[in-house]
Amino acid sequence: MSDFEEPTRVTTVGPAKAEPTQPRGTDCIVVIYTKQPTLLGKRFPLENSPTRIGRGADNQIVLDGDSVSRRHAQFERRDDYWLVVDVGSTNGTYCNDDQIQGEVRLRNGDRVKVGPTIFKFLSGADVESQYHEEIYRLTIMDGLTQAYNARYLYEALEREIIRGRRHERPLSVLMFDIDHFKRINDVHGHLAGDFVLKEIARIIQQRIRRDEIFARYGGEEFAIILPETPLDGAISLAETLRQKVEENVFSFQADTIKVTISVGAAQLTDNDKVANDLIKRADELLYSAKRGGRNRVCY
């Protein structure tokens, strides 16, 4: 072998090493809707099985409210997954709006309702990023109805006003609320009231276009921003929605609830300087509809 030749190197090739798996995060539930302000957005890691929820102080998660039983529900670990189990509560436990019969296996993103409180189940390797995304959603979305909230409504309407004026396009707003909603809560209970709010949102979301913005303005009042829509188009949609709600059968547990809405419709004018001016005019027309007998549209 010459001084300039290198010896041949023999390399033994073994089986390829498996890529390291990303560690699983700690599964958790996050409060996305509640009547207890200090709970909104709170994360509860699921570290103990069972993790109990109820009104009693001996539960790991304690909730207020007459519709919450002392021992209401619990989360249980089975192998590599979690179950939500109703433990004989008076008013039931719901998963994705369906009442649980015994127990349900949870999947990432499932919503669990106990009394007036809604939890979202987060699972997998990216729980931390999911949690931060959920917290952001809480700043723009209503957790009960999955409609936008009032904050997002104002921000979106300001943008649409600028865009509509720049391109000389019409812009309209609908404001509506549920007639005699307090009576629904008083007669049928607050869980029934929550059900009605969610059903109303479902009906509306099925009937509006992708570029139209639907928001829960507050309580039982909602708003819809209608870009590039003149007043006659807004009135037509309002009548359609009013009729759809009136014809819908609202059945909650053993009760059938009669529901109607009153609507105010307004179009952007030169006198509307900011978003609140247009919303205020639509809101005044809504209350004209209520004073005029309810279950009607005013414009």
# chains A, B, ... in the order shown; residues from 1 in each chain; ligands from 1
$ closest_atom_pairs --of "range 141-222 of chain A" --to "range 233-250 of chain A" --cutoff "8 Å" --atoms "only C-alpha atoms" --output "Markdown table"
| residue | atom | partner | partner_atom | distance |
| --- | --- | --- | --- | --- |
| A:Ser172 | CA | A:Ala234 | CA | 6.4 |
| A:Val173 | CA | A:Ala234 | CA | 7.3 |
| A:Leu174 | CA | A:Ala234 | CA | 7.1 |
| A:Val196 | CA | A:Phe250 | CA | 7.0 |
| A:Glu199 | CA | A:Phe250 | CA | 7.6 |
| A:Ile200 | CA | A:Val245 | CA | 7.0 |
| A:Ile203 | CA | A:Val245 | CA | 7.3 |
| A:Ile204 | CA | A:Leu241 | CA | 6.8 |
| A:Arg207 | CA | A:Leu241 | CA | 7.7 |
$ write_last_selection --atoms "N, CA and C atoms" --output "PDB file, in the first residue's frame"
ATOM      1  N   SER A 172     -75.236  46.871   6.219  1.00  0.00           N
ATOM      2  CA  SER A 172     -76.386  46.848   7.116  1.00  0.00           C
ATOM      3  C   SER A 172     -76.080  46.029   8.367  1.00  0.00           C
ATOM      4  N   VAL A 173     -76.879  46.272   9.397  1.00  0.00           N
ATOM      5  CA  VAL A 173     -76.744  45.546  10.666  1.00  0.00           C
ATOM      6  C   VAL A 173     -78.128  45.122  11.145  1.00  0.00           C
ATOM      7  N   LEU A 174     -78.235  43.886  11.628  1.00  0.00           N
ATOM      8  CA  LEU A 174     -79.434  43.405  12.309  1.00  0.00           C
ATOM      9  C   LEU A 174     -79.130  43.267  13.795  1.00  0.00           C
ATOM     10  N   VAL A 196     -81.932  27.261  24.655  1.00  0.00           N
ATOM     11  CA  VAL A 196     -82.573  28.135  23.668  1.00  0.00           C
ATOM     12  C   VAL A 196     -81.554  29.046  22.997  1.00  0.00           C
ATOM     13  N   GLU A 199     -79.623  26.990  20.496  1.00  0.00           N
ATOM     14  CA  GLU A 199     -80.445  26.635  19.332  1.00  0.00           C
ATOM     15  C   GLU A 199     -80.645  27.835  18.410  1.00  0.00           C
ATOM     16  N   ILE A 200     -80.869  28.999  19.013  1.00  0.00           N
ATOM     17  CA  ILE A 200     -80.989  30.222  18.210  1.00  0.00           C
ATOM     18  C   ILE A 200     -79.710  30.424  17.392  1.00  0.00           C
ATOM     19  N   ILE A 203     -79.516  28.012  14.446  1.00  0.00           N
ATOM     20  CA  ILE A 203     -80.425  28.389  13.358  1.00  0.00           C
ATOM     21  C   ILE A 203     -79.837  29.530  12.537  1.00  0.00           C
ATOM     22  N   ILE A 204     -79.300  30.534  13.236  1.00  0.00           N
ATOM     23  CA  ILE A 204     -78.745  31.702  12.543  1.00  0.00           C
ATOM     24  C   ILE A 204     -77.527  31.308  11.720  1.00  0.00           C
ATOM     25  N   ARG A 207     -78.007  29.937   8.326  1.00  0.00           N
ATOM     26  CA  ARG A 207     -78.682  30.754   7.319  1.00  0.00           C
ATOM     27  C   ARG A 207     -77.854  31.925   6.810  1.00  0.00           C
TER      28      ARG A 207
END
$ residues_around --residues "Asn96 in chain A" --least-positions-apart "6" --cutoff "9 Å" --atoms "only C-alpha atoms" --output "ChimeraX atom specification"
/A:110-113
$ closest_atom_pairs --of "range 206-281 of chain A" --to "range 137-161 of chain A" --cutoff "12 Å" --atoms "only C-alpha atoms" --output "CSV"
residue,atom,partner,partner_atom,distance
A:Asp211,CA,A:Glu160,CA,10.6
A:Glu212,CA,A:Ala156,CA,10.3
A:Ile213,CA,A:Leu153,CA,7.6
A:Phe214,CA,A:Ala147,CA,6.0
A:Ala215,CA,A:Tyr148,CA,4.2
A:Arg216,CA,A:Asn149,CA,5.2
A:Tyr217,CA,A:Ala150,CA,4.8
A:Gly218,CA,A:Ala150,CA,7.0
A:Gly219,CA,A:Ala150,CA,10.7
A:Glu220,CA,A:Thr145,CA,10.8
A:Glu221,CA,A:Ala150,CA,10.2
A:Phe222,CA,A:Ala150,CA,8.9
A:Ala223,CA,A:Leu153,CA,8.0
A:Ile224,CA,A:Leu153,CA,8.5
A:Ile225,CA,A:Leu157,CA,6.9
A:Leu226,CA,A:Glu160,CA,9.0
A:Pro227,CA,A:Glu160,CA,6.8
A:Glu228,CA,A:Glu160,CA,9.3
A:Thr229,CA,A:Glu160,CA,11.5
A:Gln267,CA,A:Ile161,CA,10.7
A:Leu268,CA,A:Ile161,CA,7.8
A:Thr269,CA,A:Ile161,CA,9.9
A:Asp270,CA,A:Ile161,CA,10.5
A:Asp272,CA,A:Ile161,CA,9.2
A:Lys273,CA,A:Ile161,CA,9.1
A:Val274,CA,A:Glu158,CA,6.8
A:Ala275,CA,A:Glu158,CA,5.4
A:Asn276,CA,A:Tyr154,CA,7.5
A:Asp277,CA,A:Glu158,CA,10.7
A:Leu278,CA,A:Leu157,CA,9.1
A:Ile279,CA,A:Tyr154,CA,8.9
A:Lys280,CA,A:Tyr154,CA,11.8
$ closest_residue --among "A:Ser67, A:Asp58, A:Glu284, A:Gly193" --to "Asp179 in chain A" --atoms "only C-alpha atoms"
A:Gly193
$ select_by_dssp --residues "range 86-207 of chain A" --states "alpha helix (DSSP H)" --output "PyMOL selection string"
chain A and resi 127-140+150-167+181-188+190-207
$ residues_around --residues "Val84 in chain A" --least-positions-apart "5" --cutoff "12 Å" --atoms "only C-alpha atoms" --output "PyMOL selection string"
chain A and resi 29+46+49-53+72-78+92-96+99-107+110-114+119-121
$ write_last_selection --atoms "N, CA and C atoms" --output "compact mmCIF listing (two decimals), in the first residue's frame"
# COMPACT_ATOMS: atom_id res chain seq x y z
N ILE A 29 -58.82 20.00 31.20
CA ILE A 29 -60.07 20.63 30.80
C ILE A 29 -59.96 22.12 31.08
N LEU A 46 -55.77 17.05 34.30
CA LEU A 46 -56.35 15.78 34.72
C LEU A 46 -55.20 14.88 35.18
N SER A 49 -57.34 10.23 38.88
CA SER A 49 -58.52 9.51 38.43
C SER A 49 -59.16 8.81 39.63
N PRO A 50 -60.41 9.15 39.97
CA PRO A 50 -61.27 10.11 39.26
C PRO A 50 -61.01 11.54 39.70
N THR A 51 -61.34 12.49 38.80
CA THR A 51 -61.39 13.90 39.14
C THR A 51 -62.87 14.27 39.21
N ARG A 52 -63.32 14.62 40.42
CA ARG A 52 -64.76 14.81 40.65
C ARG A 52 -65.17 16.27 40.51
N ILE A 53 -66.39 16.47 40.00
CA ILE A 53 -66.97 17.81 39.84
C ILE A 53 -68.33 17.84 40.53
N HIS A 72 -71.75 15.57 41.03
CA HIS A 72 -72.42 15.69 39.73
C HIS A 72 -71.82 14.76 38.67
N ALA A 73 -70.51 14.84 38.46
CA ALA A 73 -69.85 14.06 37.41
C ALA A 73 -68.39 13.86 37.79
N GLN A 74 -67.70 13.01 37.04
CA GLN A 74 -66.28 12.83 37.28
C GLN A 74 -65.59 12.37 36.00
N PHE A 75 -64.28 12.67 35.94
CA PHE A 75 -63.44 12.22 34.83
C PHE A 75 -62.63 11.02 35.32
N GLU A 76 -62.64 9.94 34.53
CA GLU A 76 -61.94 8.72 34.90
C GLU A 76 -60.97 8.32 33.80
N ARG A 77 -59.78 7.87 34.22
CA ARG A 77 -58.77 7.40 33.28
C ARG A 77 -58.96 5.91 33.03
N ARG A 78 -59.00 5.51 31.73
CA ARG A 78 -59.04 4.10 31.35
C ARG A 78 -57.94 3.87 30.32
N GLY A 92 -78.36 16.23 34.91
CA GLY A 92 -77.62 15.60 33.82
C GLY A 92 -76.31 16.28 33.48
N THR A 93 -75.46 15.52 32.79
CA THR A 93 -74.18 16.00 32.28
C THR A 93 -74.23 15.85 30.77
N TYR A 94 -73.67 16.85 30.05
CA TYR A 94 -73.77 16.88 28.60
C TYR A 94 -72.38 16.86 27.97
N CYS A 95 -72.27 16.11 26.88
CA CYS A 95 -71.04 16.11 26.09
C CYS A 95 -71.41 16.49 24.66
N ASN A 96 -70.88 17.63 24.19
CA ASN A 96 -71.21 18.13 22.85
C ASN A 96 -72.72 18.25 22.65
N GLN A 99 -76.98 14.63 26.16
CA GLN A 99 -76.95 14.20 27.55
C GLN A 99 -76.29 12.83 27.66
N ILE A 100 -75.39 12.70 28.64
CA ILE A 100 -74.66 11.46 28.84
C ILE A 100 -75.55 10.43 29.50
N GLN A 101 -75.54 9.24 28.96
CA GLN A 101 -76.19 8.11 29.60
C GLN A 101 -75.10 7.21 30.18
N GLY A 102 -74.76 7.45 31.42
CA GLY A 102 -73.69 6.67 32.05
C GLY A 102 -72.34 7.31 31.86
N GLU A 103 -71.61 6.92 30.77
CA GLU A 103 -70.27 7.44 30.55
C GLU A 103 -70.02 7.62 29.07
N VAL A 104 -69.08 8.53 28.74
CA VAL A 104 -68.70 8.80 27.35
C VAL A 104 -67.19 8.94 27.29
N ARG A 105 -66.59 8.30 26.28
CA ARG A 105 -65.15 8.46 26.05
C ARG A 105 -64.89 9.82 25.43
N LEU A 106 -63.91 10.54 25.97
CA LEU A 106 -63.62 11.89 25.51
C LEU A 106 -62.57 11.89 24.39
N ARG A 107 -62.80 12.77 23.44
CA ARG A 107 -61.84 13.01 22.35
C ARG A 107 -61.43 14.47 22.38
N ASP A 110 -63.65 17.90 22.75
CA ASP A 110 -65.02 17.69 23.22
C ASP A 110 -65.38 18.73 24.28
N ARG A 111 -66.66 19.14 24.29
CA ARG A 111 -67.17 20.09 25.28
C ARG A 111 -68.06 19.35 26.28
N VAL A 112 -67.81 19.57 27.55
CA VAL A 112 -68.57 18.93 28.63
C VAL A 112 -69.29 20.02 29.42
N LYS A 113 -70.61 19.87 29.58
CA LYS A 113 -71.41 20.88 30.29
C LYS A 113 -71.92 20.30 31.60
N VAL A 114 -71.60 20.98 32.69
CA VAL A 114 -72.05 20.62 34.03
C VAL A 114 -72.77 21.83 34.59
N PHE A 119 -66.85 22.99 29.92
CA PHE A 119 -65.42 22.70 29.86
C PHE A 119 -65.07 22.21 28.46
N LYS A 120 -63.83 22.46 28.03
CA LYS A 120 -63.33 21.89 26.78
C LYS A 120 -62.18 20.95 27.14
N PHE A 121 -62.23 19.72 26.62
CA PHE A 121 -61.21 18.72 26.89
C PHE A 121 -60.08 18.85 25.88
$ residues_around --residues "Ile257 in chain A" --least-positions-apart "2" --cutoff "9 Å" --atoms "only C-alpha atoms" --output "short mmCIF file (atom, residue, chain, number, x, y, z; two decimals) with N, CA and C atoms, in the first residue's frame"
data_model
loop_
_atom_site.label_atom_id
_atom_site.label_comp_id
_atom_site.auth_asym_id
_atom_site.auth_seq_id
_atom_site.Cartn_x
_atom_site.Cartn_y
_atom_site.Cartn_z
N ILE A 184 -88.80 32.44 30.02
CA ILE A 184 -88.28 31.10 29.70
C ILE A 184 -87.41 30.59 30.84
N HIS A 188 -88.92 27.45 32.83
CA HIS A 188 -88.27 26.21 32.42
C HIS A 188 -86.89 26.00 33.04
N ALA A 192 -82.55 25.37 30.48
CA ALA A 192 -83.40 25.49 29.28
C ALA A 192 -83.10 26.80 28.55
N VAL A 196 -81.93 27.26 24.66
CA VAL A 196 -82.57 28.13 23.67
C VAL A 196 -81.55 29.05 23.00
N VAL A 249 -89.01 23.90 16.56
CA VAL A 249 -89.50 23.25 17.79
C VAL A 249 -88.34 23.19 18.79
N PHE A 250 -88.46 23.94 19.87
CA PHE A 250 -87.44 23.97 20.92
C PHE A 250 -87.84 22.98 22.00
N SER A 251 -87.26 21.79 21.98
CA SER A 251 -87.59 20.74 22.94
C SER A 251 -86.41 20.52 23.87
N PHE A 252 -86.61 20.77 25.14
CA PHE A 252 -85.55 20.56 26.13
C PHE A 252 -86.07 19.64 27.21
N ASP A 255 -89.80 19.41 28.11
CA ASP A 255 -90.52 20.65 27.80
C ASP A 255 -90.39 21.03 26.33
N VAL A 259 -90.65 29.94 21.17
CA VAL A 259 -89.63 30.99 21.10
C VAL A 259 -89.86 31.86 19.87
#
$ select_by_dssp --residues "range 126-294 of chain A" --states "strand (DSSP E)" --output "JSON, numbers by chain"
{"A": [171, 172, 173, 174, 175, 176, 177, 178, 213, 214, 215, 216, 217, 218, 221, 222, 223, 224, 225, 226, 227, 250, 251, 252, 255, 256, 257, 261, 262, 263, 264, 265, 266, 267]}
$ write_last_selection --atoms "C-alpha atoms" --output "mmCIF file, in the first residue's frame"
data_model
loop_
_atom_site.group_PDB
_atom_site.id
_atom_site.type_symbol
_atom_site.label_atom_id
_atom_site.label_comp_id
_atom_site.auth_asym_id
_atom_site.auth_seq_id
_atom_site.Cartn_x
_atom_site.Cartn_y
_atom_site.Cartn_z
ATOM 1 C CA LEU A 171 -73.550 47.905 4.822
ATOM 2 C CA SER A 172 -76.386 46.848 7.116
ATOM 3 C CA VAL A 173 -76.744 45.546 10.666
ATOM 4 C CA LEU A 174 -79.434 43.405 12.309
ATOM 5 C CA MET A 175 -79.987 43.503 16.063
ATOM 6 C CA PHE A 176 -82.377 40.979 17.596
ATOM 7 C CA ASP A 177 -83.232 39.445 20.920
ATOM 8 C CA ILE A 178 -85.369 36.623 22.268
ATOM 9 C CA ILE A 213 -70.516 38.264 11.078
ATOM 10 C CA PHE A 214 -72.770 36.862 13.796
ATOM 11 C CA ALA A 215 -72.185 37.890 17.405
ATOM 12 C CA ARG A 216 -73.780 37.570 20.813
ATOM 13 C CA TYR A 217 -74.126 41.197 21.867
ATOM 14 C CA GLY A 218 -75.027 40.385 25.458
ATOM 15 C CA GLU A 221 -79.361 39.935 22.351
ATOM 16 C CA PHE A 222 -77.496 39.188 19.112
ATOM 17 C CA ALA A 223 -76.203 41.121 16.103
ATOM 18 C CA ILE A 224 -75.375 40.329 12.475
ATOM 19 C CA ILE A 225 -73.107 42.472 10.287
ATOM 20 C CA LEU A 226 -74.128 42.294 6.608
ATOM 21 C CA PRO A 227 -71.371 43.613 4.301
ATOM 22 C CA PHE A 250 -87.437 23.968 20.915
ATOM 23 C CA SER A 251 -87.594 20.741 22.944
ATOM 24 C CA PHE A 252 -85.552 20.562 26.131
ATOM 25 C CA ASP A 255 -90.522 20.650 27.805
ATOM 26 C CA THR A 256 -91.456 22.219 24.478
ATOM 27 C CA ILE A 257 -90.704 25.941 24.560
ATOM 28 C CA ILE A 261 -87.465 37.015 18.241
ATOM 29 C CA SER A 262 -87.804 40.748 17.591
ATOM 30 C CA VAL A 263 -85.456 42.353 15.057
ATOM 31 C CA GLY A 264 -84.217 45.842 14.192
ATOM 32 C CA ALA A 265 -82.583 46.466 10.789
ATOM 33 C CA ALA A 266 -80.487 49.519 9.883
ATOM 34 C CA GLN A 267 -78.236 50.537 6.991
#
$ atom_distance --atom1 "CA of Asn91 in chain A" --atom2 "CA of Ile135 in chain A"
28.2 Å
$ atom_distance --atom1 "CA of Gly124 in chain A" --atom2 "CA of Asn48 in chain A"
16.9 Å
$ atom_distance --atom1 "CA of Thr90 in chain A" --atom2 "CA of Val68 in chain A"
7.8 Å
$ decode --residues "range 22-47 of chain A" --atoms "C-alpha atoms" --output "compact mmCIF listing (two decimals), in the first residue's frame"
# COMPACT_ATOMS: atom_id res chain seq x y z
CA GLN A 22 -43.03 13.72 21.09
CA PRO A 23 -43.97 13.42 24.76
CA ARG A 24 -47.68 13.57 25.51
CA GLY A 25 -48.79 16.64 27.39
CA THR A 26 -50.91 16.51 30.52
CA ASP A 27 -54.53 16.17 29.45
CA CYS A 28 -56.69 18.92 30.87
CA ILE A 29 -60.07 20.63 30.80
CA VAL A 30 -60.50 24.39 30.28
CA VAL A 31 -63.51 26.46 31.33
CA ILE A 32 -64.85 28.14 28.18
CA TYR A 33 -68.23 29.29 29.55
CA THR A 34 -69.37 29.99 33.10
CA LYS A 35 -71.54 32.20 35.27
CA GLN A 36 -68.57 32.43 37.70
CA PRO A 37 -66.25 35.10 36.20
CA THR A 38 -63.19 33.96 38.15
CA LEU A 39 -63.39 30.51 36.49
CA LEU A 40 -63.40 31.63 32.84
CA GLY A 41 -60.27 30.36 31.08
CA LYS A 42 -59.12 28.34 34.11
CA ARG A 43 -57.25 25.13 33.29
CA PHE A 44 -57.68 21.96 35.36
CA PRO A 45 -54.96 19.33 34.62
CA LEU A 46 -56.35 15.78 34.72
CA GLU A 47 -53.76 14.22 37.03
